[in-house]
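> So that you have it, the file is start-v8.cif, and it contains mmCIF, N, CA and C atoms:
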```cif
data_target
#
loop_
_atom_site.label_atom_id
_atom_site.label_comp_id
_atom_site.auth_asym_id
_atom_site.auth_seq_id
_atom_site.Cartn_x
_atom_site.Cartn_y
_atom_site.Cartn_z
N GLU D 2 116.72 100.59 45.77
CA GLU D 2 116.35 100.97 44.42
C GLU D 2 115.75 99.80 43.66
N ALA D 3 116.32 98.62 43.86
CA ALA D 3 115.83 97.45 43.13
C ALA D 3 114.40 97.12 43.49
N PHE D 4 114.02 97.27 44.76
CA PHE D 4 112.65 96.98 45.16
C PHE D 4 111.68 97.99 44.55
N ALA D 5 112.04 99.25 44.55
CA ALA D 5 111.20 100.28 43.95
C ALA D 5 111.09 100.05 42.44
N ARG D 6 112.18 99.77 41.80
CA ARG D 6 112.22 99.55 40.35
C ARG D 6 111.35 98.35 39.95
N ASN D 7 111.27 97.37 40.83
CA ASN D 7 110.49 96.17 40.53
C ASN D 7 109.08 96.20 41.13
N GLY D 8 108.70 97.33 41.70
CA GLY D 8 107.32 97.52 42.15
C GLY D 8 106.92 96.77 43.40
N VAL D 9 107.86 96.44 44.27
CA VAL D 9 107.49 95.72 45.50
C VAL D 9 107.80 96.49 46.77
N GLU D 10 108.39 97.65 46.65
CA GLU D 10 108.80 98.40 47.84
C GLU D 10 107.61 98.67 48.76
N HIS D 11 106.43 98.94 48.19
CA HIS D 11 105.25 99.23 49.02
C HIS D 11 104.76 98.02 49.81
N TYR D 12 105.24 96.83 49.48
CA TYR D 12 104.88 95.63 50.25
C TYR D 12 105.80 95.43 51.46
N LEU D 13 106.86 96.19 51.53
CA LEU D 13 107.88 95.98 52.55
C LEU D 13 107.69 96.93 53.73
N ASP D 14 108.00 96.42 54.92
CA ASP D 14 108.00 97.23 56.14
C ASP D 14 109.36 97.88 56.31
N LYS D 15 109.39 98.87 57.17
CA LYS D 15 110.63 99.46 57.68
C LYS D 15 110.74 98.96 59.12
N PRO D 16 111.41 97.84 59.33
CA PRO D 16 111.37 97.21 60.67
C PRO D 16 112.14 97.99 61.73
N ASP D 17 111.67 97.83 62.95
CA ASP D 17 112.38 98.37 64.10
C ASP D 17 113.63 97.53 64.34
N GLU D 18 114.56 98.11 65.04
CA GLU D 18 115.76 97.40 65.45
C GLU D 18 115.35 96.22 66.34
N ILE D 19 116.02 95.10 66.17
CA ILE D 19 115.71 93.92 66.98
C ILE D 19 116.89 93.66 67.91
N ALA D 20 116.59 93.68 69.21
CA ALA D 20 117.63 93.46 70.22
C ALA D 20 117.74 91.97 70.53
N LEU D 21 118.97 91.52 70.60
CA LEU D 21 119.28 90.16 71.05
C LEU D 21 120.12 90.33 72.32
N PRO D 22 119.46 90.56 73.46
CA PRO D 22 120.19 90.94 74.67
C PRO D 22 121.19 89.89 75.16
N GLU D 23 120.91 88.62 74.91
CA GLU D 23 121.82 87.59 75.39
C GLU D 23 123.17 87.64 74.67
N TYR D 24 123.20 88.31 73.51
CA TYR D 24 124.45 88.45 72.76
C TYR D 24 124.97 89.88 72.79
N GLY D 25 124.21 90.80 73.41
CA GLY D 25 124.60 92.20 73.41
C GLY D 25 124.60 92.78 72.00
N LEU D 26 123.63 92.36 71.19
CA LEU D 26 123.61 92.70 69.78
C LEU D 26 122.26 93.29 69.39
N LYS D 27 122.30 94.22 68.44
CA LYS D 27 121.09 94.77 67.86
C LYS D 27 121.18 94.60 66.35
N ILE D 28 120.10 94.09 65.76
CA ILE D 28 120.05 93.83 64.32
C ILE D 28 119.20 94.91 63.67
N ASN D 29 119.75 95.52 62.66
CA ASN D 29 119.04 96.54 61.88
C ASN D 29 118.99 96.09 60.43
N ALA D 30 117.88 96.34 59.78
CA ALA D 30 117.74 96.07 58.35
C ALA D 30 116.78 97.12 57.79
N PRO D 31 117.02 97.55 56.56
CA PRO D 31 116.15 98.58 56.00
C PRO D 31 114.76 98.10 55.62
N TYR D 32 114.58 96.79 55.39
CA TYR D 32 113.29 96.27 54.95
C TYR D 32 112.93 94.99 55.71
N GLY D 33 111.64 94.71 55.71
CA GLY D 33 111.16 93.47 56.29
C GLY D 33 109.84 93.08 55.66
N TYR D 34 109.54 91.79 55.71
CA TYR D 34 108.24 91.29 55.26
C TYR D 34 108.00 89.93 55.89
N GLN D 35 106.74 89.55 55.92
CA GLN D 35 106.29 88.30 56.55
C GLN D 35 106.05 87.25 55.49
N ASN D 36 106.55 86.03 55.70
CA ASN D 36 106.21 84.90 54.84
C ASN D 36 106.11 83.62 55.66
N GLY D 37 105.58 83.74 56.83
CA GLY D 37 105.56 82.64 57.79
C GLY D 37 106.52 82.95 58.92
N CYS D 38 107.71 83.41 58.58
CA CYS D 38 108.66 84.04 59.49
C CYS D 38 108.73 85.51 59.09
N TYR D 39 109.17 86.33 60.00
CA TYR D 39 109.41 87.72 59.64
C TYR D 39 110.83 87.82 59.11
N ASN D 40 110.96 88.32 57.90
CA ASN D 40 112.25 88.40 57.22
C ASN D 40 112.78 89.81 57.27
N LEU D 41 113.98 89.96 57.79
CA LEU D 41 114.69 91.23 57.75
C LEU D 41 115.56 91.19 56.50
N VAL D 42 115.41 92.18 55.64
CA VAL D 42 116.12 92.18 54.36
C VAL D 42 117.18 93.28 54.38
N ASP D 43 118.41 92.85 54.18
CA ASP D 43 119.54 93.76 54.17
C ASP D 43 120.39 93.48 52.93
N GLY D 44 121.30 94.35 52.64
CA GLY D 44 122.12 94.19 51.45
C GLY D 44 123.60 94.27 51.75
N ILE D 45 124.38 93.66 50.87
CA ILE D 45 125.83 93.76 50.93
C ILE D 45 126.37 93.94 49.52
N ARG D 46 127.48 94.61 49.43
CA ARG D 46 128.18 94.74 48.16
C ARG D 46 129.57 94.14 48.37
N ILE D 47 129.89 93.17 47.57
CA ILE D 47 131.19 92.52 47.67
C ILE D 47 132.10 93.14 46.61
N SER D 48 133.04 93.92 47.06
CA SER D 48 133.96 94.58 46.13
C SER D 48 134.99 93.57 45.64
N ASP D 49 135.92 94.06 44.85
CA ASP D 49 136.97 93.17 44.37
C ASP D 49 137.99 92.86 45.46
N ASN D 50 137.89 93.51 46.61
CA ASN D 50 138.75 93.21 47.75
C ASN D 50 138.10 92.08 48.55
N ILE D 51 138.55 90.87 48.31
CA ILE D 51 137.95 89.68 48.91
C ILE D 51 137.98 89.73 50.44
N SER D 52 139.06 90.21 51.03
CA SER D 52 139.16 90.26 52.50
C SER D 52 138.05 91.11 53.11
N ASP D 53 137.82 92.29 52.53
CA ASP D 53 136.74 93.14 53.03
C ASP D 53 135.39 92.47 52.84
N GLY D 54 135.21 91.84 51.68
CA GLY D 54 133.96 91.15 51.40
C GLY D 54 133.69 90.02 52.36
N LEU D 55 134.72 89.25 52.66
CA LEU D 55 134.54 88.13 53.59
C LEU D 55 134.21 88.62 55.00
N ARG D 56 134.78 89.74 55.40
CA ARG D 56 134.44 90.32 56.71
C ARG D 56 132.95 90.67 56.76
N GLU D 57 132.47 91.32 55.71
CA GLU D 57 131.06 91.72 55.65
C GLU D 57 130.14 90.49 55.62
N VAL D 58 130.49 89.52 54.79
CA VAL D 58 129.70 88.29 54.69
C VAL D 58 129.70 87.55 56.02
N GLY D 59 130.85 87.43 56.64
CA GLY D 59 130.94 86.74 57.93
C GLY D 59 130.11 87.41 59.00
N LYS D 60 130.15 88.73 59.03
CA LYS D 60 129.36 89.49 60.00
C LYS D 60 127.87 89.22 59.80
N LYS D 61 127.41 89.27 58.57
CA LYS D 61 125.99 89.04 58.29
C LYS D 61 125.59 87.60 58.61
N ALA D 62 126.47 86.65 58.30
CA ALA D 62 126.16 85.24 58.60
C ALA D 62 126.02 85.03 60.11
N ILE D 63 126.91 85.61 60.88
CA ILE D 63 126.85 85.46 62.33
C ILE D 63 125.61 86.14 62.88
N GLU D 64 125.35 87.38 62.46
CA GLU D 64 124.15 88.09 62.93
C GLU D 64 122.89 87.30 62.58
N GLY D 65 122.82 86.81 61.34
CA GLY D 65 121.65 86.05 60.92
C GLY D 65 121.46 84.78 61.70
N ASN D 66 122.55 84.10 61.99
CA ASN D 66 122.47 82.86 62.75
C ASN D 66 122.02 83.12 64.18
N LEU D 67 122.54 84.18 64.80
CA LEU D 67 122.12 84.52 66.16
C LEU D 67 120.66 84.96 66.20
N LEU D 68 120.23 85.69 65.19
CA LEU D 68 118.82 86.08 65.08
C LEU D 68 117.94 84.85 64.99
N TRP D 69 118.31 83.93 64.11
CA TRP D 69 117.55 82.69 63.92
C TRP D 69 117.47 81.91 65.23
N LYS D 70 118.60 81.76 65.91
CA LYS D 70 118.63 80.99 67.16
C LYS D 70 117.80 81.65 68.25
N HIS D 71 117.84 82.98 68.32
CA HIS D 71 117.09 83.70 69.34
C HIS D 71 115.59 83.44 69.20
N PHE D 72 115.10 83.38 67.95
CA PHE D 72 113.66 83.22 67.71
C PHE D 72 113.28 81.81 67.29
N GLU D 73 114.22 80.89 67.33
CA GLU D 73 113.93 79.51 66.95
C GLU D 73 112.85 78.94 67.86
N GLY D 74 111.91 78.27 67.27
CA GLY D 74 110.81 77.70 68.05
C GLY D 74 109.73 78.71 68.37
N ALA D 75 109.82 79.91 67.81
CA ALA D 75 108.83 80.96 68.09
C ALA D 75 107.65 80.89 67.14
N GLY D 76 107.57 79.82 66.34
CA GLY D 76 106.43 79.66 65.43
C GLY D 76 106.33 80.83 64.48
N PRO D 77 105.14 81.43 64.40
CA PRO D 77 104.95 82.55 63.46
C PRO D 77 105.73 83.80 63.86
N ASN D 78 106.31 83.81 65.04
CA ASN D 78 107.12 84.96 65.47
C ASN D 78 108.60 84.76 65.19
N CYS D 79 108.95 83.70 64.42
CA CYS D 79 110.35 83.49 64.09
C CYS D 79 110.85 84.63 63.22
N LYS D 80 112.15 84.82 63.23
CA LYS D 80 112.76 85.89 62.43
C LYS D 80 113.96 85.32 61.69
N ARG D 81 114.16 85.84 60.47
CA ARG D 81 115.25 85.37 59.62
C ARG D 81 115.86 86.56 58.90
N LEU D 82 117.14 86.46 58.63
CA LEU D 82 117.83 87.49 57.86
C LEU D 82 117.93 87.05 56.41
N ILE D 83 117.57 87.96 55.53
CA ILE D 83 117.74 87.75 54.09
C ILE D 83 118.73 88.80 53.60
N ILE D 84 119.72 88.34 52.87
CA ILE D 84 120.74 89.24 52.34
C ILE D 84 120.63 89.27 50.83
N VAL D 85 120.62 90.49 50.29
CA VAL D 85 120.72 90.70 48.85
C VAL D 85 122.14 91.17 48.61
N GLY D 86 122.87 90.41 47.81
CA GLY D 86 124.27 90.73 47.58
C GLY D 86 124.57 91.10 46.14
N ASP D 87 125.41 92.11 46.01
CA ASP D 87 125.94 92.48 44.69
C ASP D 87 127.25 91.73 44.50
N PHE D 88 127.18 90.67 43.73
CA PHE D 88 128.35 89.83 43.46
C PHE D 88 128.86 90.04 42.04
N SER D 89 128.58 91.21 41.47
CA SER D 89 128.93 91.46 40.07
C SER D 89 130.44 91.43 39.83
N GLN D 90 131.24 91.64 40.85
CA GLN D 90 132.69 91.64 40.68
C GLN D 90 133.31 90.31 41.11
N GLN D 91 132.48 89.30 41.37
CA GLN D 91 132.97 88.01 41.84
C GLN D 91 132.54 86.89 40.91
N SER D 92 133.21 85.77 41.03
CA SER D 92 132.88 84.59 40.22
C SER D 92 131.65 83.89 40.78
N ASN D 93 131.03 83.06 39.95
CA ASN D 93 129.90 82.25 40.41
C ASN D 93 130.34 81.28 41.50
N GLU D 94 131.55 80.78 41.40
CA GLU D 94 132.07 79.86 42.42
C GLU D 94 132.14 80.55 43.78
N PHE D 95 132.59 81.80 43.78
CA PHE D 95 132.65 82.57 45.03
C PHE D 95 131.25 82.75 45.59
N TYR D 96 130.30 83.14 44.74
CA TYR D 96 128.92 83.31 45.19
C TYR D 96 128.37 82.02 45.80
N HIS D 97 128.57 80.90 45.13
CA HIS D 97 128.04 79.63 45.64
C HIS D 97 128.71 79.22 46.95
N ALA D 98 129.98 79.52 47.10
CA ALA D 98 130.66 79.24 48.37
C ALA D 98 130.06 80.08 49.49
N ILE D 99 129.79 81.35 49.21
CA ILE D 99 129.16 82.23 50.20
C ILE D 99 127.75 81.76 50.50
N GLN D 100 127.02 81.36 49.46
CA GLN D 100 125.65 80.87 49.65
C GLN D 100 125.64 79.65 50.57
N ASP D 101 126.59 78.74 50.42
CA ASP D 101 126.67 77.58 51.31
C ASP D 101 126.86 78.01 52.77
N GLN D 102 127.72 78.99 52.99
CA GLN D 102 127.96 79.48 54.35
C GLN D 102 126.70 80.13 54.93
N MET D 103 126.02 80.89 54.11
CA MET D 103 124.78 81.54 54.56
C MET D 103 123.71 80.50 54.87
N ASP D 104 123.58 79.50 54.02
CA ASP D 104 122.62 78.42 54.28
C ASP D 104 122.90 77.76 55.63
N ASP D 105 124.17 77.49 55.90
CA ASP D 105 124.55 76.87 57.18
C ASP D 105 124.19 77.77 58.37
N ALA D 106 124.14 79.08 58.14
CA ALA D 106 123.82 80.05 59.20
C ALA D 106 122.34 80.41 59.23
N ASN D 107 121.51 79.71 58.45
CA ASN D 107 120.07 79.99 58.38
C ASN D 107 119.77 81.38 57.83
N VAL D 108 120.61 81.86 56.93
CA VAL D 108 120.44 83.15 56.27
C VAL D 108 120.16 82.86 54.80
N LYS D 109 119.15 83.53 54.26
CA LYS D 109 118.85 83.39 52.83
C LYS D 109 119.66 84.42 52.07
N LEU D 110 120.29 83.99 50.99
CA LEU D 110 121.11 84.88 50.17
C LEU D 110 120.53 84.95 48.77
N HIS D 111 120.39 86.17 48.27
CA HIS D 111 119.91 86.41 46.90
C HIS D 111 120.89 87.32 46.19
N ARG D 112 121.07 87.06 44.91
CA ARG D 112 121.93 87.91 44.08
C ARG D 112 121.14 89.11 43.61
N LEU D 113 121.77 90.27 43.62
CA LEU D 113 121.14 91.48 43.13
C LEU D 113 120.76 91.34 41.66
N ASP D 114 121.57 90.61 40.89
CA ASP D 114 121.29 90.44 39.46
C ASP D 114 120.33 89.29 39.17
N ASN D 115 119.76 88.68 40.21
CA ASN D 115 118.75 87.63 40.05
C ASN D 115 117.77 87.69 41.22
N LEU D 116 117.04 88.78 41.29
CA LEU D 116 116.12 89.00 42.40
C LEU D 116 114.75 88.37 42.22
N ARG D 117 114.46 87.81 41.06
CA ARG D 117 113.11 87.31 40.78
C ARG D 117 112.58 86.37 41.87
N PRO D 118 113.36 85.39 42.37
CA PRO D 118 112.80 84.53 43.43
C PRO D 118 112.38 85.31 44.68
N LEU D 119 113.18 86.29 45.09
CA LEU D 119 112.83 87.10 46.26
C LEU D 119 111.63 87.99 45.95
N LEU D 120 111.61 88.61 44.80
CA LEU D 120 110.48 89.46 44.42
C LEU D 120 109.18 88.66 44.38
N ASN D 121 109.24 87.45 43.83
CA ASN D 121 108.05 86.58 43.79
C ASN D 121 107.57 86.24 45.20
N ASP D 122 108.52 85.96 46.11
CA ASP D 122 108.14 85.63 47.48
C ASP D 122 107.48 86.83 48.16
N ILE D 123 108.03 88.01 47.96
CA ILE D 123 107.45 89.22 48.55
C ILE D 123 106.04 89.45 48.02
N GLU D 124 105.88 89.38 46.71
CA GLU D 124 104.56 89.61 46.10
C GLU D 124 103.55 88.57 46.54
N HIS D 125 103.94 87.31 46.53
CA HIS D 125 103.05 86.22 46.90
C HIS D 125 102.58 86.37 48.35
N ASN D 126 103.50 86.70 49.24
CA ASN D 126 103.17 86.76 50.65
C ASN D 126 102.52 88.06 51.08
N ALA D 127 102.58 89.08 50.23
CA ALA D 127 101.94 90.35 50.58
C ALA D 127 100.43 90.15 50.79
N SER D 128 99.80 89.39 49.93
CA SER D 128 98.35 89.18 50.08
C SER D 128 98.04 88.20 51.20
N LEU D 129 98.92 87.24 51.45
CA LEU D 129 98.68 86.25 52.50
C LEU D 129 98.88 86.80 53.90
N HIS D 130 99.83 87.75 54.05
CA HIS D 130 100.21 88.20 55.39
C HIS D 130 100.03 89.69 55.61
N SER D 131 99.25 90.35 54.75
CA SER D 131 99.09 91.79 54.93
C SER D 131 98.30 92.07 56.20
N ALA D 132 98.72 93.15 56.84
CA ALA D 132 98.07 93.51 58.12
C ALA D 132 96.95 94.48 57.87
#
```
What would you get if you wrote out this structure as structure tokens?

Amino acid sequence: EAFARNGVEHYLDKPDEIALPEYGLKINAPYGYQNGCYNLVDGIRISDNISDGLREVGKKAIEGNLLWKHFEGAGPNCKRLIIVGDFSQQSNEFYHAIQDQMDDANVKLHRLDNLRPLLNDIEHNASLHSA
């Protein structure tokens, strides 16, 4: 909804599932776009139940890190996971702690309530990388 509301949904792909056979894993994301690497964009909602939230965050960090490692050194064919998170029920300290973990896993994290940097990247790269 946020992408449609901000007028960038038409710049986004609906990516195919990406298999990482060496890990027995398949990565799915509802959106994707190119900005030098191909970015798979997925979302998470962190409820007030921290344990459930950490499980979801940990899963995405591991998937993103394995995706990055699988395509590392692939030049323009590299792939990265971008997560848009709803942290409205969490503190800024919690968000920044999660962001540090995602950075360490080569996953980009954006807040749902501050999407402007991601929206700008999508818009900017739409003209540079349109097929």
> Taking the file as I've supplied it (selection: the PyMOL selection byres (((chain D and resi 109-123 and name CA) around 9) and name CA)), which residues are included? Please answer as a PyMOL selection string.
chain D and resi 3-4+7-9+12-13+34-36+44+65+81-89+96+99-100+103-104+106-108+124-127
> Between atom C of Glu64 (chain D) and atom N of Ile28 (chain D), what distance in Å does the model show, to one decimal?
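The value is 8.0 Å.
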> Name the residues of chain D that fall into alpha helix (DSSP H) according to DSSP on the backbone, using the chain letters and numbers of this document, as a PyMOL selection string.
chain D and resi 3-6+51-72+93-105+117-130
> Write out, as a compact mmCIF listing (two decimals), keeping the file's coordinate frame, the residues just selected, with N, CA and C atoms.

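Saved the output as out.txt:
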```
# COMPACT_ATOMS: atom_id res chain seq x y z
N ALA D 3 116.32 98.62 43.86
CA ALA D 3 115.83 97.45 43.13
C ALA D 3 114.40 97.12 43.49
N PHE D 4 114.02 97.27 44.76
CA PHE D 4 112.65 96.98 45.16
C PHE D 4 111.68 97.99 44.55
N ALA D 5 112.04 99.25 44.55
CA ALA D 5 111.20 100.28 43.95
C ALA D 5 111.09 100.05 42.44
N ARG D 6 112.18 99.77 41.80
CA ARG D 6 112.22 99.55 40.35
C ARG D 6 111.35 98.35 39.95
N ILE D 51 138.55 90.87 48.31
CA ILE D 51 137.95 89.68 48.91
C ILE D 51 137.98 89.73 50.44
N SER D 52 139.06 90.21 51.03
CA SER D 52 139.16 90.26 52.50
C SER D 52 138.05 91.11 53.11
N ASP D 53 137.82 92.29 52.53
CA ASP D 53 136.74 93.14 53.03
C ASP D 53 135.39 92.47 52.84
N GLY D 54 135.21 91.84 51.68
CA GLY D 54 133.96 91.15 51.40
C GLY D 54 133.69 90.02 52.36
N LEU D 55 134.72 89.25 52.66
CA LEU D 55 134.54 88.13 53.59
C LEU D 55 134.21 88.62 55.00
N ARG D 56 134.78 89.74 55.40
CA ARG D 56 134.44 90.32 56.71
C ARG D 56 132.95 90.67 56.76
N GLU D 57 132.47 91.32 55.71
CA GLU D 57 131.06 91.72 55.65
C GLU D 57 130.14 90.49 55.62
N VAL D 58 130.49 89.52 54.79
CA VAL D 58 129.70 88.29 54.69
C VAL D 58 129.70 87.55 56.02
N GLY D 59 130.85 87.43 56.64
CA GLY D 59 130.94 86.74 57.93
C GLY D 59 130.11 87.41 59.00
N LYS D 60 130.15 88.73 59.03
CA LYS D 60 129.36 89.49 60.00
C LYS D 60 127.87 89.22 59.80
N LYS D 61 127.41 89.27 58.57
CA LYS D 61 125.99 89.04 58.29
C LYS D 61 125.59 87.60 58.61
N ALA D 62 126.47 86.65 58.30
CA ALA D 62 126.16 85.24 58.60
C ALA D 62 126.02 85.03 60.11
N ILE D 63 126.91 85.61 60.88
CA ILE D 63 126.85 85.46 62.33
C ILE D 63 125.61 86.14 62.88
N GLU D 64 125.35 87.38 62.46
CA GLU D 64 124.15 88.09 62.93
C GLU D 64 122.89 87.30 62.58
N GLY D 65 122.82 86.81 61.34
CA GLY D 65 121.65 86.05 60.92
C GLY D 65 121.46 84.78 61.70
N ASN D 66 122.55 84.10 61.99
CA ASN D 66 122.47 82.86 62.75
C ASN D 66 122.02 83.12 64.18
N LEU D 67 122.54 84.18 64.80
CA LEU D 67 122.12 84.52 66.16
C LEU D 67 120.66 84.96 66.20
N LEU D 68 120.23 85.69 65.19
CA LEU D 68 118.82 86.08 65.08
C LEU D 68 117.94 84.85 64.99
N TRP D 69 118.31 83.93 64.11
CA TRP D 69 117.55 82.69 63.92
C TRP D 69 117.47 81.91 65.23
N LYS D 70 118.60 81.76 65.91
CA LYS D 70 118.63 80.99 67.16
C LYS D 70 117.80 81.65 68.25
N HIS D 71 117.84 82.98 68.32
CA HIS D 71 117.09 83.70 69.34
C HIS D 71 115.59 83.44 69.20
N PHE D 72 115.10 83.38 67.95
CA PHE D 72 113.66 83.22 67.71
C PHE D 72 113.28 81.81 67.29
N ASN D 93 131.03 83.06 39.95
CA ASN D 93 129.90 82.25 40.41
C ASN D 93 130.34 81.28 41.50
N GLU D 94 131.55 80.78 41.40
CA GLU D 94 132.07 79.86 42.42
C GLU D 94 132.14 80.55 43.78
N PHE D 95 132.59 81.80 43.78
CA PHE D 95 132.65 82.57 45.03
C PHE D 95 131.25 82.75 45.59
N TYR D 96 130.30 83.14 44.74
CA TYR D 96 128.92 83.31 45.19
C TYR D 96 128.37 82.02 45.80
N HIS D 97 128.57 80.90 45.13
CA HIS D 97 128.04 79.63 45.64
C HIS D 97 128.71 79.22 46.95
N ALA D 98 129.98 79.52 47.10
CA ALA D 98 130.66 79.24 48.37
C ALA D 98 130.06 80.08 49.49
N ILE D 99 129.79 81.35 49.21
CA ILE D 99 129.16 82.23 50.20
C ILE D 99 127.75 81.76 50.50
N GLN D 100 127.02 81.36 49.46
CA GLN D 100 125.65 80.87 49.65
C GLN D 100 125.64 79.65 50.57
N ASP D 101 126.59 78.74 50.42
CA ASP D 101 126.67 77.58 51.31
C ASP D 101 126.86 78.01 52.77
N GLN D 102 127.72 78.99 52.99
CA GLN D 102 127.96 79.48 54.35
C GLN D 102 126.70 80.13 54.93
N MET D 103 126.02 80.89 54.11
CA MET D 103 124.78 81.54 54.56
C MET D 103 123.71 80.50 54.87
N ASP D 104 123.58 79.50 54.02
CA ASP D 104 122.62 78.42 54.28
C ASP D 104 122.90 77.76 55.63
N ASP D 105 124.17 77.49 55.90
CA ASP D 105 124.55 76.87 57.18
C ASP D 105 124.19 77.77 58.37
N ARG D 117 114.46 87.81 41.06
CA ARG D 117 113.11 87.31 40.78
C ARG D 117 112.58 86.37 41.87
N PRO D 118 113.36 85.39 42.37
CA PRO D 118 112.80 84.53 43.43
C PRO D 118 112.38 85.31 44.68
N LEU D 119 113.18 86.29 45.09
CA LEU D 119 112.83 87.10 46.26
C LEU D 119 111.63 87.99 45.95
N LEU D 120 111.61 88.61 44.80
CA LEU D 120 110.48 89.46 44.42
C LEU D 120 109.18 88.66 44.38
N ASN D 121 109.24 87.45 43.83
CA ASN D 121 108.05 86.58 43.79
C ASN D 121 107.57 86.24 45.20
N ASP D 122 108.52 85.96 46.11
CA ASP D 122 108.14 85.63 47.48
C ASP D 122 107.48 86.83 48.16
N ILE D 123 108.03 88.01 47.96
CA ILE D 123 107.45 89.22 48.55
C ILE D 123 106.04 89.45 48.02
N GLU D 124 105.88 89.38 46.71
CA GLU D 124 104.56 89.61 46.10
C GLU D 124 103.55 88.57 46.54
N HIS D 125 103.94 87.31 46.53
CA HIS D 125 103.05 86.22 46.90
C HIS D 125 102.58 86.37 48.35
N ASN D 126 103.50 86.70 49.24
CA ASN D 126 103.17 86.76 50.65
C ASN D 126 102.52 88.06 51.08
N ALA D 127 102.58 89.08 50.23
CA ALA D 127 101.94 90.35 50.58
C ALA D 127 100.43 90.15 50.79
N SER D 128 99.80 89.39 49.93
CA SER D 128 98.35 89.18 50.08
C SER D 128 98.04 88.20 51.20
N LEU D 129 98.92 87.24 51.45
CA LEU D 129 98.68 86.25 52.50
C LEU D 129 98.88 86.80 53.90
N HIS D 130 99.83 87.75 54.05
CA HIS D 130 100.21 88.20 55.39
C HIS D 130 100.03 89.69 55.61
```
> If you measure from CA of Pro16 (chain D) to atom N of Ala30 (chain D), what distance in Å do you get, rounded to one decimal?
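Atom N of Ala30 (chain D) lies at a distance of 6.6 Å from CA of Pro16 (chain D).
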> Provide the CA of Cys79 (chain D) to atom C of Tyr39 (chain D) distance in Å, to one decimal place.
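Spanning CA of Cys79 (chain D) to atom C of Tyr39 (chain D) is a straight-line distance of 6.6 Å.
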> Run DSSP on the backbone and tell me which residues of chain D come out as strand (DSSP E); list them as a ChimeraX atom specification.
/D:19-21,26-28,32-35,39-46,80-87,109-112
> For N, CA and C atoms, I'd like the residues from the last selection saved as a short mmCIF file (atom, residue, chain, number, x, y, z; two decimals), in the coordinates of the input.

```cif
data_model
loop_
_atom_site.label_atom_id
_atom_site.label_comp_id
_atom_site.auth_asym_id
_atom_site.auth_seq_id
_atom_site.Cartn_x
_atom_site.Cartn_y
_atom_site.Cartn_z
N ILE D 19 116.02 95.10 66.17
CA ILE D 19 115.71 93.92 66.98
C ILE D 19 116.89 93.66 67.91
N ALA D 20 116.59 93.68 69.21
CA ALA D 20 117.63 93.46 70.22
C ALA D 20 117.74 91.97 70.53
N LEU D 21 118.97 91.52 70.60
CA LEU D 21 119.28 90.16 71.05
C LEU D 21 120.12 90.33 72.32
N LEU D 26 123.63 92.36 71.19
CA LEU D 26 123.61 92.70 69.78
C LEU D 26 122.26 93.29 69.39
N LYS D 27 122.30 94.22 68.44
CA LYS D 27 121.09 94.77 67.86
C LYS D 27 121.18 94.60 66.35
N ILE D 28 120.10 94.09 65.76
CA ILE D 28 120.05 93.83 64.32
C ILE D 28 119.20 94.91 63.67
N TYR D 32 114.58 96.79 55.39
CA TYR D 32 113.29 96.27 54.95
C TYR D 32 112.93 94.99 55.71
N GLY D 33 111.64 94.71 55.71
CA GLY D 33 111.16 93.47 56.29
C GLY D 33 109.84 93.08 55.66
N TYR D 34 109.54 91.79 55.71
CA TYR D 34 108.24 91.29 55.26
C TYR D 34 108.00 89.93 55.89
N GLN D 35 106.74 89.55 55.92
CA GLN D 35 106.29 88.30 56.55
C GLN D 35 106.05 87.25 55.49
N TYR D 39 109.17 86.33 60.00
CA TYR D 39 109.41 87.72 59.64
C TYR D 39 110.83 87.82 59.11
N ASN D 40 110.96 88.32 57.90
CA ASN D 40 112.25 88.40 57.22
C ASN D 40 112.78 89.81 57.27
N LEU D 41 113.98 89.96 57.79
CA LEU D 41 114.69 91.23 57.75
C LEU D 41 115.56 91.19 56.50
N VAL D 42 115.41 92.18 55.64
CA VAL D 42 116.12 92.18 54.36
C VAL D 42 117.18 93.28 54.38
N ASP D 43 118.41 92.85 54.18
CA ASP D 43 119.54 93.76 54.17
C ASP D 43 120.39 93.48 52.93
N GLY D 44 121.30 94.35 52.64
CA GLY D 44 122.12 94.19 51.45
C GLY D 44 123.60 94.27 51.75
N ILE D 45 124.38 93.66 50.87
CA ILE D 45 125.83 93.76 50.93
C ILE D 45 126.37 93.94 49.52
N ARG D 46 127.48 94.61 49.43
CA ARG D 46 128.18 94.74 48.16
C ARG D 46 129.57 94.14 48.37
N LYS D 80 112.15 84.82 63.23
CA LYS D 80 112.76 85.89 62.43
C LYS D 80 113.96 85.32 61.69
N ARG D 81 114.16 85.84 60.47
CA ARG D 81 115.25 85.37 59.62
C ARG D 81 115.86 86.56 58.90
N LEU D 82 117.14 86.46 58.63
CA LEU D 82 117.83 87.49 57.86
C LEU D 82 117.93 87.05 56.41
N ILE D 83 117.57 87.96 55.53
CA ILE D 83 117.74 87.75 54.09
C ILE D 83 118.73 88.80 53.60
N ILE D 84 119.72 88.34 52.87
CA ILE D 84 120.74 89.24 52.34
C ILE D 84 120.63 89.27 50.83
N VAL D 85 120.62 90.49 50.29
CA VAL D 85 120.72 90.70 48.85
C VAL D 85 122.14 91.17 48.61
N GLY D 86 122.87 90.41 47.81
CA GLY D 86 124.27 90.73 47.58
C GLY D 86 124.57 91.10 46.14
N ASP D 87 125.41 92.11 46.01
CA ASP D 87 125.94 92.48 44.69
C ASP D 87 127.25 91.73 44.50
N LYS D 109 119.15 83.53 54.26
CA LYS D 109 118.85 83.39 52.83
C LYS D 109 119.66 84.42 52.07
N LEU D 110 120.29 83.99 50.99
CA LEU D 110 121.11 84.88 50.17
C LEU D 110 120.53 84.95 48.77
N HIS D 111 120.39 86.17 48.27
CA HIS D 111 119.91 86.41 46.90
C HIS D 111 120.89 87.32 46.19
N ARG D 112 121.07 87.06 44.91
CA ARG D 112 121.93 87.91 44.08
C ARG D 112 121.14 89.11 43.61
#
```
> Find the residues near Lys27 (chain D): any atom within 8 Å, counting only N, CA and C atoms, skip ones fewer than 4 places away on the same chain, and give them as a VMD selection string.
chain D and resid 18 to 22 64
> Mind telling me what the PyMOL selection byres ((chain D and resi 78) around 6.5) catches here, as a list in words?
Gly37, Cys38, Tyr39, Phe72, Ala75, Gly76, Pro77, Cys79 and Lys80 of chain D
